[in-house]
Each structure stands twice: as C-alpha cells, then as structure tokens.
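Source file: input_36.txt. Holds: compact mmCIF, C-alpha atoms and all ligand atoms.
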```txt
# COMPACT_ATOMS: atom_id res chain seq x y z
CA MET P 255 15.42 -27.03 54.84
CA LEU P 256 17.41 -24.42 56.75
CA THR P 257 19.78 -22.02 55.01
CA LEU P 258 22.38 -20.01 56.87
CA GLY P 259 22.85 -16.67 55.08
CA ILE P 260 25.93 -14.50 55.53
CA GLU P 261 26.19 -10.83 54.55
CA THR P 262 29.35 -8.73 54.92
CA SER P 263 29.53 -6.73 51.67
CA CYS P 264 29.65 -3.30 53.29
CA ASP P 265 29.24 -2.16 56.90
CA GLU P 266 26.73 -4.65 58.28
CA THR P 267 27.82 -8.00 59.69
CA SER P 268 24.79 -10.23 59.47
CA VAL P 269 23.75 -13.86 59.73
CA GLY P 270 20.22 -15.05 58.95
CA ILE P 271 18.71 -18.50 59.33
CA VAL P 272 15.79 -19.08 56.98
CA GLU P 273 13.51 -22.07 56.43
CA ASN P 274 12.77 -22.95 52.80
CA GLY P 275 13.84 -19.50 51.61
CA ARG P 276 10.86 -17.90 53.34
CA LYS P 277 10.46 -18.20 57.07
CA VAL P 278 13.01 -16.22 59.06
CA LEU P 279 14.07 -18.03 62.24
CA ALA P 280 16.80 -15.51 63.03
CA ASN P 281 18.28 -12.42 61.40
CA VAL P 282 21.05 -10.87 63.47
CA VAL P 283 22.52 -7.64 62.12
CA THR P 284 25.38 -5.72 63.69
CA SER P 285 25.84 -2.34 62.15
CA GLN P 286 29.21 -0.61 62.17
CA ILE P 287 27.58 2.77 61.59
CA LYS P 288 28.83 4.26 64.87
CA MET P 289 32.45 3.45 63.97
CA HIS P 290 32.24 4.95 60.47
CA LYS P 291 30.10 7.93 61.45
CA LYS P 292 32.97 10.21 62.40
CA TYR P 293 34.45 9.82 58.90
CA GLY P 294 31.12 10.66 57.20
CA GLY P 295 31.02 7.38 55.29
CA VAL P 296 32.24 3.78 55.25
CA VAL P 297 36.02 3.30 55.57
CA PRO P 298 36.72 0.01 53.71
CA GLU P 299 39.71 -1.19 55.76
CA LEU P 300 37.91 -0.48 59.02
CA ALA P 301 34.85 -2.36 57.73
CA SER P 302 36.90 -5.50 57.00
CA ARG P 303 38.50 -5.49 60.44
CA LEU P 304 35.19 -4.96 62.23
CA HIS P 305 33.60 -7.88 60.34
CA VAL P 306 36.34 -10.11 61.75
CA VAL P 307 35.61 -8.86 65.27
CA HIS P 308 31.81 -9.10 64.99
CA PHE P 309 31.38 -12.26 62.98
CA VAL P 310 31.52 -15.06 65.56
CA PRO P 311 29.27 -13.35 68.15
CA VAL P 312 26.71 -12.59 65.38
CA LEU P 313 26.81 -16.21 64.18
CA ASP P 314 26.42 -17.60 67.71
CA GLU P 315 23.53 -15.26 68.40
CA ALA P 316 21.74 -16.25 65.17
CA LEU P 317 21.98 -19.97 66.05
CA ARG P 318 20.80 -19.20 69.58
CA GLN P 319 17.82 -17.10 68.45
CA ALA P 320 16.78 -19.71 65.88
CA GLY P 321 17.13 -22.42 68.51
CA VAL P 322 19.04 -24.67 66.12
CA GLY P 323 22.43 -26.35 65.97
CA TRP P 324 24.83 -27.06 63.10
CA LYS P 325 23.19 -30.42 62.43
CA ASP P 326 19.97 -28.59 61.44
CA ILE P 327 21.61 -26.42 58.74
CA SER P 328 21.52 -27.79 55.18
CA LEU P 329 22.86 -24.96 53.05
CA ILE P 330 25.32 -22.07 53.38
CA ALA P 331 24.68 -18.89 51.37
CA ALA P 332 27.16 -16.02 51.49
CA THR P 333 27.37 -12.73 49.62
CA GLN P 334 30.08 -13.15 46.97
CA GLY P 335 29.77 -9.66 45.46
CA PRO P 336 29.49 -6.88 44.52
CA GLY P 337 30.83 -4.84 47.43
CA LEU P 338 34.00 -3.87 49.26
CA LEU P 339 36.50 -6.63 48.54
CA GLY P 340 37.98 -6.87 52.04
CA ALA P 341 34.55 -6.84 53.64
CA LEU P 342 33.18 -9.45 51.22
CA SER P 343 36.21 -11.67 51.78
CA THR P 344 35.49 -11.97 55.49
CA GLY P 345 31.98 -13.38 55.19
CA PHE P 346 32.61 -15.37 52.02
CA MET P 347 35.66 -17.06 53.55
CA VAL P 348 33.66 -17.96 56.66
CA GLY P 349 30.94 -19.38 54.40
CA LYS P 350 33.50 -21.47 52.53
CA SER P 351 35.09 -22.67 55.77
CA ILE P 352 31.76 -23.80 57.25
CA SER P 353 30.86 -25.48 53.97
CA TYR P 354 34.18 -27.34 53.91
CA ALA P 355 34.18 -28.27 57.59
CA LEU P 356 30.61 -29.56 57.67
CA GLY P 357 30.38 -30.85 54.09
CA LEU P 358 27.45 -28.54 53.32
CA PRO P 359 26.70 -27.05 49.90
CA LEU P 360 27.62 -23.39 49.38
CA VAL P 361 25.96 -20.77 47.18
CA GLY P 362 27.77 -17.49 46.53
CA VAL P 363 25.02 -14.86 46.29
CA HIS P 364 24.86 -11.65 44.25
CA HIS P 365 24.09 -8.88 46.75
CA ILE P 366 21.40 -7.30 44.56
CA GLU P 367 19.70 -10.64 44.03
CA GLY P 368 19.67 -10.86 47.82
CA HIS P 369 17.83 -7.53 48.04
CA ILE P 370 15.34 -8.72 45.42
CA TYR P 371 14.66 -11.95 47.35
CA ALA P 372 14.12 -9.97 50.56
CA ASN P 373 10.64 -9.73 49.05
CA MET P 374 10.14 -13.45 49.81
CA LEU P 375 10.90 -13.24 53.52
CA ASP P 376 8.01 -13.94 55.86
CA LYS P 377 5.64 -13.90 52.87
CA GLU P 378 3.63 -16.51 51.00
CA ASP P 379 3.34 -15.13 47.47
CA TYR P 380 6.03 -15.72 44.86
CA PHE P 381 7.09 -13.30 42.11
CA GLU P 382 4.59 -12.87 39.28
CA TYR P 383 6.65 -12.49 36.12
CA PRO P 384 7.31 -10.32 34.26
CA VAL P 385 8.47 -8.13 37.12
CA MET P 386 9.88 -4.57 37.10
CA ALA P 387 12.25 -4.20 40.04
CA LEU P 388 13.44 -0.88 41.36
CA VAL P 389 16.71 -1.47 43.19
CA ALA P 390 17.48 1.59 45.31
CA SER P 391 20.36 1.42 47.74
CA GLY P 392 23.56 3.11 48.84
CA GLY P 393 25.40 1.74 45.81
CA HIS P 394 22.70 1.12 43.20
CA THR P 395 19.77 2.77 41.46
CA GLN P 396 18.55 0.42 38.80
CA LEU P 397 15.40 -0.60 37.01
CA ILE P 398 15.59 -4.31 36.29
CA LEU P 399 13.17 -6.29 34.16
CA ILE P 400 12.82 -9.86 35.43
CA ASP P 401 11.13 -11.98 32.72
CA ALA P 402 11.53 -15.26 34.54
CA GLU P 403 13.46 -16.41 37.59
CA PHE P 404 17.10 -15.17 37.40
CA HIS P 405 16.57 -13.58 33.95
CA TYR P 406 17.54 -9.98 34.51
CA THR P 407 17.70 -7.16 31.98
CA LEU P 408 18.97 -3.71 32.94
CA ILE P 409 16.39 -1.12 31.85
CA GLY P 410 17.66 1.95 33.66
CA ASN P 411 20.65 2.92 35.74
CA THR P 412 22.05 5.97 37.47
CA ILE P 413 24.49 7.93 35.37
CA ASP P 414 26.21 9.36 38.45
CA ASP P 415 25.37 8.93 42.16
CA ALA P 416 23.15 6.24 43.65
CA ILE P 417 19.93 7.37 45.32
CA GLY P 418 21.22 6.35 48.79
CA GLU P 419 24.30 8.49 48.21
CA ALA P 420 22.05 11.41 47.27
CA PHE P 421 20.29 11.03 50.62
CA ASP P 422 23.52 10.48 52.57
CA LYS P 423 25.70 13.18 50.99
CA SER P 424 22.97 15.81 51.13
CA ALA P 425 22.25 14.97 54.76
CA ARG P 426 25.95 15.48 55.43
CA THR P 427 25.81 18.89 53.71
CA LEU P 428 22.87 19.73 55.97
CA GLY P 429 24.81 18.58 59.04
CA LEU P 430 22.23 15.90 59.82
CA GLY P 431 24.50 12.89 60.32
CA TYR P 432 25.07 9.51 58.72
CA PRO P 433 23.42 7.58 57.16
CA GLY P 434 21.18 10.36 55.91
CA GLY P 435 18.31 8.35 54.41
CA PRO P 436 16.51 7.39 57.62
CA ILE P 437 17.16 10.84 59.17
CA VAL P 438 15.71 12.71 56.17
CA ASP P 439 12.76 10.28 56.13
CA GLU P 440 12.00 10.99 59.78
CA LEU P 441 12.38 14.79 59.59
CA ALA P 442 10.32 14.91 56.38
CA LYS P 443 7.28 13.58 58.25
CA ASN P 444 6.59 17.05 59.72
CA GLY P 445 7.60 19.08 56.69
CA ASN P 446 5.94 20.79 53.76
CA ARG P 447 7.03 19.03 50.58
CA ARG P 448 6.24 22.08 48.44
CA ALA P 449 8.40 24.52 50.41
CA TYR P 450 11.56 24.17 48.28
CA LYS P 451 11.88 23.72 44.53
CA PHE P 452 14.52 21.62 42.84
CA PRO P 453 15.64 21.70 39.20
CA GLU P 454 14.32 19.26 36.60
CA VAL P 455 16.47 16.19 36.06
CA ASN P 456 17.19 15.27 32.45
CA THR P 457 18.93 12.06 31.42
CA PRO P 458 19.80 10.94 27.88
CA HIS P 459 17.78 7.73 28.29
CA GLU P 460 14.25 7.85 29.62
CA PHE P 461 14.73 5.23 32.35
CA ASP P 462 18.12 6.40 33.60
CA PHE P 463 18.58 8.36 36.81
CA SER P 464 20.81 11.26 37.77
CA PHE P 465 21.28 12.69 41.25
CA SER P 466 24.46 14.75 41.12
CA GLY P 467 22.61 17.90 39.96
CA LEU P 468 20.25 17.61 42.91
CA LYS P 469 23.21 17.24 45.25
CA THR P 470 24.61 20.52 43.91
CA ALA P 471 21.17 22.12 44.22
CA VAL P 472 21.11 21.11 47.89
CA LEU P 473 24.47 22.79 48.39
CA ARG P 474 23.23 26.03 46.77
CA LEU P 475 19.97 26.05 48.73
CA VAL P 476 21.82 25.38 51.96
CA GLU P 477 24.14 28.33 51.29
CA LYS P 478 21.30 30.61 50.23
CA ASN P 479 19.04 29.75 53.15
CA GLU P 480 21.77 29.18 55.71
CA LEU P 481 20.11 25.86 56.43
CA ASP P 482 23.03 24.16 58.10
CA GLU P 483 23.03 26.94 60.67
CA LYS P 484 19.57 25.94 61.76
CA GLU P 485 18.67 23.40 64.36
CA LYS P 486 17.92 19.91 63.17
CA SER P 487 14.50 20.28 64.76
CA SER P 488 13.58 23.52 62.97
CA GLN P 489 10.55 23.74 60.70
CA GLU P 490 12.79 24.90 57.82
CA MET P 491 14.83 21.73 58.10
CA ALA P 492 11.69 19.57 58.14
CA ASP P 493 10.37 21.45 55.09
CA PHE P 494 13.67 21.03 53.29
CA CYS P 495 13.81 17.29 54.01
CA ALA P 496 10.19 16.83 52.90
CA SER P 497 10.81 18.75 49.65
CA PHE P 498 14.07 16.97 48.89
CA GLN P 499 12.60 13.54 49.63
CA TYR P 500 9.55 14.37 47.50
CA LYS P 501 11.85 15.21 44.60
CA LEU P 502 14.09 12.12 44.98
CA VAL P 503 11.22 9.68 45.41
CA GLY P 504 9.38 11.32 42.50
CA GLU P 505 12.37 10.57 40.27
CA LEU P 506 12.22 6.91 41.27
CA VAL P 507 8.47 6.43 41.09
CA THR P 508 7.89 8.15 37.74
CA ARG P 509 10.56 6.12 35.95
CA THR P 510 9.54 2.87 37.64
CA PHE P 511 5.93 3.08 36.48
CA ASN P 512 6.85 4.41 33.03
CA ALA P 513 9.10 1.38 32.60
CA ALA P 514 6.46 -0.95 34.05
CA LYS P 515 3.99 0.33 31.46
CA LYS P 516 6.40 0.15 28.54
CA PHE P 517 7.41 -3.44 29.31
CA GLY P 518 3.89 -4.56 30.20
CA VAL P 519 4.85 -6.15 33.50
CA LYS P 520 2.50 -7.83 35.92
CA GLN P 521 4.36 -7.02 39.11
CA VAL P 522 6.35 -4.05 40.44
CA ILE P 523 8.74 -4.62 43.33
CA ILE P 524 11.22 -2.49 45.23
CA ALA P 525 14.45 -3.59 46.86
CA GLY P 526 17.54 -2.18 48.59
CA GLY P 527 18.09 0.03 51.61
CA VAL P 528 16.13 2.98 50.21
CA SER P 529 13.02 0.77 49.92
CA ALA P 530 12.76 1.42 53.67
CA ASN P 531 11.78 5.00 52.81
CA SER P 532 8.25 5.60 54.06
CA PHE P 533 7.25 7.99 51.25
CA LEU P 534 8.58 5.64 48.53
CA ARG P 535 6.65 2.72 50.09
CA GLU P 536 3.50 4.83 50.15
CA GLU P 537 3.84 6.00 46.54
CA ILE P 538 4.58 2.50 45.21
CA SER P 539 1.71 0.94 47.18
CA LYS P 540 -0.75 3.43 45.68
CA ARG P 541 -0.55 1.63 42.34
CA SER P 542 -1.78 -1.73 43.61
CA ASP P 543 -4.92 -1.53 41.49
CA GLU P 544 -2.76 -1.65 38.31
CA TYR P 545 0.10 -3.93 39.34
CA VAL P 546 0.84 -6.65 41.85
CA ILE P 547 3.10 -4.78 44.27
CA ALA P 548 5.75 -6.29 46.53
CA ILE P 549 7.66 -4.33 49.15
CA PRO P 550 10.06 -6.01 51.58
CA ALA P 551 9.18 -5.88 55.27
CA LEU P 552 10.93 -2.86 56.77
CA LYS P 553 13.43 -4.96 58.74
CA TYR P 554 14.64 -6.72 55.56
CA CYS P 555 15.23 -3.60 53.42
CA THR P 556 18.78 -2.79 54.48
CA ASP P 557 21.63 -5.31 54.28
CA ASN P 558 20.97 -8.54 56.16
CA GLY P 559 21.80 -12.24 56.14
CA ALA P 560 18.21 -13.50 55.79
CA MET P 561 17.84 -12.00 52.30
CA ILE P 562 21.09 -13.73 51.26
CA ALA P 563 19.72 -17.02 52.59
CA ALA P 564 16.50 -16.50 50.56
CA ALA P 565 18.38 -15.84 47.31
CA GLY P 566 20.88 -18.65 47.95
CA TYR P 567 18.04 -21.09 48.56
CA ALA P 568 16.29 -20.03 45.33
CA ARG P 569 19.50 -20.64 43.35
CA TYR P 570 20.22 -23.93 45.11
CA THR P 571 16.76 -25.34 44.38
CA GLN P 572 17.48 -24.59 40.69
CA GLY P 573 20.65 -26.68 40.85
CA VAL P 574 23.25 -23.98 41.51
CA SER P 575 26.14 -24.38 43.94
CA THR P 576 29.48 -22.61 44.26
CA ALA P 577 32.86 -24.34 44.21
CA LEU P 578 35.19 -23.81 47.16
CA ASP P 579 37.93 -22.35 44.98
CA GLU P 580 35.75 -19.39 43.96
CA LYS P 581 36.67 -15.91 45.16
CA PRO P 582 34.66 -12.88 46.24
CA VAL P 583 34.15 -10.30 43.48
CA ALA P 584 34.02 -6.54 44.00
CA SER P 585 32.24 -5.89 40.67
CA TRP P 586 29.82 -8.49 39.44
CA SER P 587 27.10 -7.90 36.90
CA LEU P 588 23.69 -9.45 37.34
CA PHE P 589 23.07 -9.08 33.61
CA LYS P 590 24.14 -11.24 30.71
O1 LIG U 601 21.01 -1.70 50.81
P1 LIG U 601 21.75 -0.94 51.83
O2 LIG U 601 21.59 -1.35 53.28
O3 LIG U 601 23.28 -0.96 51.53
C1 LIG U 601 23.74 -0.98 50.21
O4 LIG U 601 23.73 -2.08 49.62
O5 LIG U 601 24.06 0.12 49.73
O6 LIG U 601 21.35 0.60 51.64
C2 LIG U 601 21.86 1.61 52.45
C3 LIG U 601 21.24 2.93 51.99
C4 LIG U 601 21.86 4.15 52.66
O7 LIG U 601 22.21 5.09 51.67
C5 LIG U 601 20.72 4.68 53.55
O8 LIG U 601 20.75 6.09 53.73
C6 LIG U 601 19.51 4.24 52.76
O9 LIG U 601 19.84 2.95 52.29
N1 LIG U 601 18.29 4.20 53.58
C7 LIG U 601 17.25 5.04 53.40
C8 LIG U 601 16.30 4.74 54.42
N2 LIG U 601 16.82 3.71 55.18
C9 LIG U 601 18.04 3.40 54.64
N3 LIG U 601 17.03 6.00 52.49
C10 LIG U 601 15.88 6.69 52.56
N4 LIG U 601 14.95 6.47 53.52
C11 LIG U 601 15.11 5.51 54.46
N5 LIG U 601 14.18 5.31 55.38
ZN ZN U 602 22.60 -3.56 50.02
```
Take the structure I supplied and represent it as structure tokens, if you would.
Amino acid sequence: MLTLGIETSCDETSVGIVENGRKVLANVVTSQIKMHKKYGGVVPELASRLHVVHFVPVLDEALRQAGVGWKDISLIAATQGPGLLGALSTGFMVGKSISYALGLPLVGVHHIEGHIYANMLDKEDYFEYPVMALVASGGHTQLILIDAEFHYTLIGNTIDDAIGEAFDKSARTLGLGYPGGPIVDELAKNGNRRAYKFPEVNTPHEFDFSFSGLKTAVLRLVEKNELDEKEKSSQEMADFCASFQYKLVGELVTRTFNAAKKFGVKQVIIAGGVSANSFLREEISKRSDEYVIAIPALKYCTDNGAMIAAAGYARYTQGVSTALDEKPVASWSLFK
C-alpha cells in the first residue's frame, strides 16, 4: 500500500511516497533556506508563498522518482500541525484536494509524530514499548514516554528556547550562518570540546531543559574572546563549536537516560532535526548495551514528506482518517 506524505509546516516543501509505512520509494525535499537566510530565520509569509511555488514540481518529481502514477497511491497523509499556519495550510489543502479529487482517504498528521515515525523508514524493526523519545528540533525539545502506540506522555520540556534555536541563534551570534546546527556540527569535528566552559543549567523539574542561559553565555564569550572577528575556519571557532555542542548535547543525553532509567523503558529513540547531530547520535548509540536504540537515518531527520507518510500510515492502519472539513492547526498537543 502506497502512502503519499506531504510536509509543509515550516520552510521545507516535501513529498514522500512510502510503501507500507516503511519502504521509501521517493522523498523529495525542497528547502527554502536560501530565501530565508538573509533574514536570519524563517519569515512565515514568505514560507507560505514559496510552498505554493514549489509544491507542484516537488509532487511531480516524487511521482517520477517513485515510478508510480496516481492509480498506485492508496492513502494521502499531510501535516496538519503544529507549525506556521500559512505554511501548513498550503500542504494540508493540497492533501485535502487530492483526497477529494481521487476519492482517497486522508490522514492529518501531527508533525512530531511524523518525526517519531521517521524511525520506521527503511528499517525492519518496530518500536519496543515502553519507549523514551527525545524530540529535538527547531521548535521542540521534549522527552516523551510512549507506553504503547500513540500513547504519549510529556516527561520533560524546554522552559525557554528549543535546542535547534540554541544552535541557530548562537551560530548567528558567531556569524556562522543559518541554520546553525549543521554548521556547528561540522566545525566541531576539528575542535577541542574542553576549550570553553559553560555555566551549569538548572531547571525546576529534573527532566526539563533550558537553553536561554547558554545563549547568553555564548554572547558573553563571543564578546570576551572577540570570536565573531575570527575566521570561520580558525581553530578558536572550531574549539568553541566543539565545546558548545558538547554542552548542548550533554544536556540532552543526561536527561534522556535519567528519564529512561526512571520510567524503566525498553527502548530509547531520538527524533527531529537535531537528531542529525553527529555527536548526539554517537552519544545515544553508546548506550545500546542497556537499551534498544533507534536513530532515524540521517536523510530523514529534518522535515520531510516520507516521515509524514509513515506516521499517517500507522494511524490509518489503526482505523484513523481525517474528515475533509478539518483545518490545519498551528498549536496541537500530542498529549491527552
Ligand atoms: O525538525 P526540523 O527540520 O524542523 C523543525 O521541525 O523545527 O529541525 C530543524 C533544526 C534546526 O534548528 C537545525 O539547526 C537543526 O534542526 N539541525 C541540527 C543539525 N541538522 C539540523 N542541529 C544540530 N546538528 C545538526 N547536524
Ligand atoms: Zn520538524
């Protein structure tokens, strides 16, 4: 059974075609990064307009790459929320239109559930419940306990910025460009992670996260060391990126495994754009003797249509479908 997955919640226009929620036949992603770069972040109105421009070519290319036609598609899955309302509307409306025109069932997918189900793509194993999921992206930093399929409990959350924002905003302070996560990751590879010290992070609840203090610390260290004056390729910059990444990833990993222990889970998974971070992947993988570990393939970490197809398929096989009069939702909780 082929699912066509649509993702337009932020600045990626993407269509994926996935067989039985697992096998990716196509996953076409057009990023708008270049257009938003000069503003230092995503401009919502621009994002919506660019989705309109990019959508049809992305859709045609996905069908071409998969080597299938409309008659082969059995299910439409589209991100319904959370995200930028105008951006979401574009893809969700296209999903509804295709569903109506071809008489195909539609599933409106929660974006975070999509990231979680990215762990199913091109893999054979299923989740082994209970699962502790670390969702780390540009908009979220959450620890989610999954007791059984679709049963989510929020265990920890950020009290200020999301981890992706911490990477992106600090990279901007350092003059490194946007989005900062992949740039910091790359520069950190040649740096000394013990070169710079960052303050301790304290949160009222043991599994919550906080990154705004670290963002301020970056600002102070940049001023003190005149870091933004230095070339991107300097050793100081590499050392700074390695130290900052070490601190950020440490925050994630410590809380994830503390929560995994407390809740006695069998499996630990990561999801969201920041799960592409090489150091995070390494640190999570190290614990495979204690927990079953799942990490999405690198190409499915950041926003894409295939992950939406995987989550939509999982919901559909459990009897869920979305009515055509439903609307996209900017804020949508995964939790009861
Ligand atoms: O999941 P995603 O594509 O979009 C949201 O739903 O937010 O995540 C985007 C975030 C950005 O903040 C980006 O800097 C971060 O993921 N990111 C990374 C890496 N690749 C992407 N952060 C750290 N290391 C990376 N390699
Ligand atoms: Zn995302």
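Of the listed residues (P:Thr344, P:Thr470, P:Asn281, P:Thr556), P:Thr556 comes nearest to ligand ZN 602 (chain U); the distances count only C-alpha atoms and all ligand atoms.
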For this session: Tell me, as a VMD selection string, which residues lie within 10 Å of P:Glu367, counting all atoms listed in the file; anything in the same chain fewer than 5 positions away does not count.
Result: chain P and resid 333 372 389 404 406 525 to 526 561 to 562 564 to 566 588
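Atom pair atom O8 of ligand LIG 601 (chain U) / atom CA of P:Ser285: separated by 13.0 Å.
Taking atom CA of P:Lys291 and atom CA of P:Ala425 as the two end points, the separation is 12.5 Å.
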Taking all listed atoms of ligand LIG 601 (chain U), build the axis-aligned box, pad each of the six sides by 8 Å, then write its centre and edge lengths in Å to one decimal as AutoDock Vina command-line options.
```
--center_x 19.1 --center_y 2.3 --center_z 52.5 --size_x 25.9 --size_y 24.8 --size_z 21.8
```
Problem set entry | Counting only C-alpha atoms, the residue of P:Pro433, P:Ala301, P:Val361, P:Lys478 that sits nearest P:Gly573 |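 With only C-alpha atoms as the atom set, the closest residue is P:Val361.
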Exercise. What lies within 8 Å of P:Ser263 using all atoms listed in the file, ignoring chain neighbours under 3 positions off, as a PyMOL selection string?
Worked result: chain P and resi 266+333-339+341-342+345+365
For this session: For P:Glu580, please output as JSON, numbers by chain all residues within 12 Å (counting all atoms listed in the file; exclusion window: fewer than 6 positions along the same chain).
Result: {"P": [332, 334, 335, 343, 346, 347, 349, 350, 360, 361, 362, 363]}
Please save C-alpha atoms of the selected residues as a compact mmCIF listing (two decimals), keeping the file's coordinate frame.
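Done, and the output landed in again_33.txt:
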```txt
# COMPACT_ATOMS: atom_id res chain seq x y z
CA ALA P 332 27.16 -16.02 51.49
CA GLN P 334 30.08 -13.15 46.97
CA GLY P 335 29.77 -9.66 45.46
CA SER P 343 36.21 -11.67 51.78
CA PHE P 346 32.61 -15.37 52.02
CA MET P 347 35.66 -17.06 53.55
CA GLY P 349 30.94 -19.38 54.40
CA LYS P 350 33.50 -21.47 52.53
CA LEU P 360 27.62 -23.39 49.38
CA VAL P 361 25.96 -20.77 47.18
CA GLY P 362 27.77 -17.49 46.53
CA VAL P 363 25.02 -14.86 46.29
```
For this session: Tell me which protein, DNA and RNA residues are within 8 Å of stretch 484-495 of chain P, counting all atoms listed in the file, leaving out same-chain ones fewer than 3 positions away, and put them as an NGL selection string.
Result: :P and (430 or 438-439 or 441-450 or 480-481 or 498-499)
Problem set entry | Exercise: P:Gln396 partners within 7 Å, only C-alpha atoms, chain neighbours under 6 positions left out, as an NGL selection string | :P and (388-390 or 410-412)
For this session: Work out how far apart atom CA of P:Leu313 and atom CA of P:Tyr567 are and give it in Å to one decimal.
Result: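 A separation of 18.6 Å between them.
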Exercise. Taking all atoms listed in the file into account, which residues are within 6 Å of ligand LIG 601 (chain U), as a VMD selection string?
Worked result: chain P and resid 391 to 393 418 to 419 421 to 422 433 to 436 439 526 to 528 530 to 531 556 to 557
Exercise. From the list P:Thr267, P:Asn456, P:Thr407, P:Thr257, which residue is nearest ligand ZN 602 (chain U) when using only C-alpha atoms and all ligand atoms?
Worked result: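 Comparing P:Thr267, P:Asn456, P:Thr407, P:Thr257 against ligand ZN 602 (chain U), the winner is P:Thr267.
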For this session: Rank P:Asp401, P:Ala513, P:Gly559, P:Met386 by their smallest atom-to-atom distance to P:Phe309, using only C-alpha atoms, and report the top residue only.
Result: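 That would be P:Gly559, the residue with the smallest distance to P:Phe309.
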For this session: Kindly indicate which residue among P:Asn512, P:Ile398, P:Phe533, P:Lys501 lies nearest to P:Glu440, using all atoms listed in the file for the distances.
Result: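 Under the stated criterion, the closest residue is P:Phe533.
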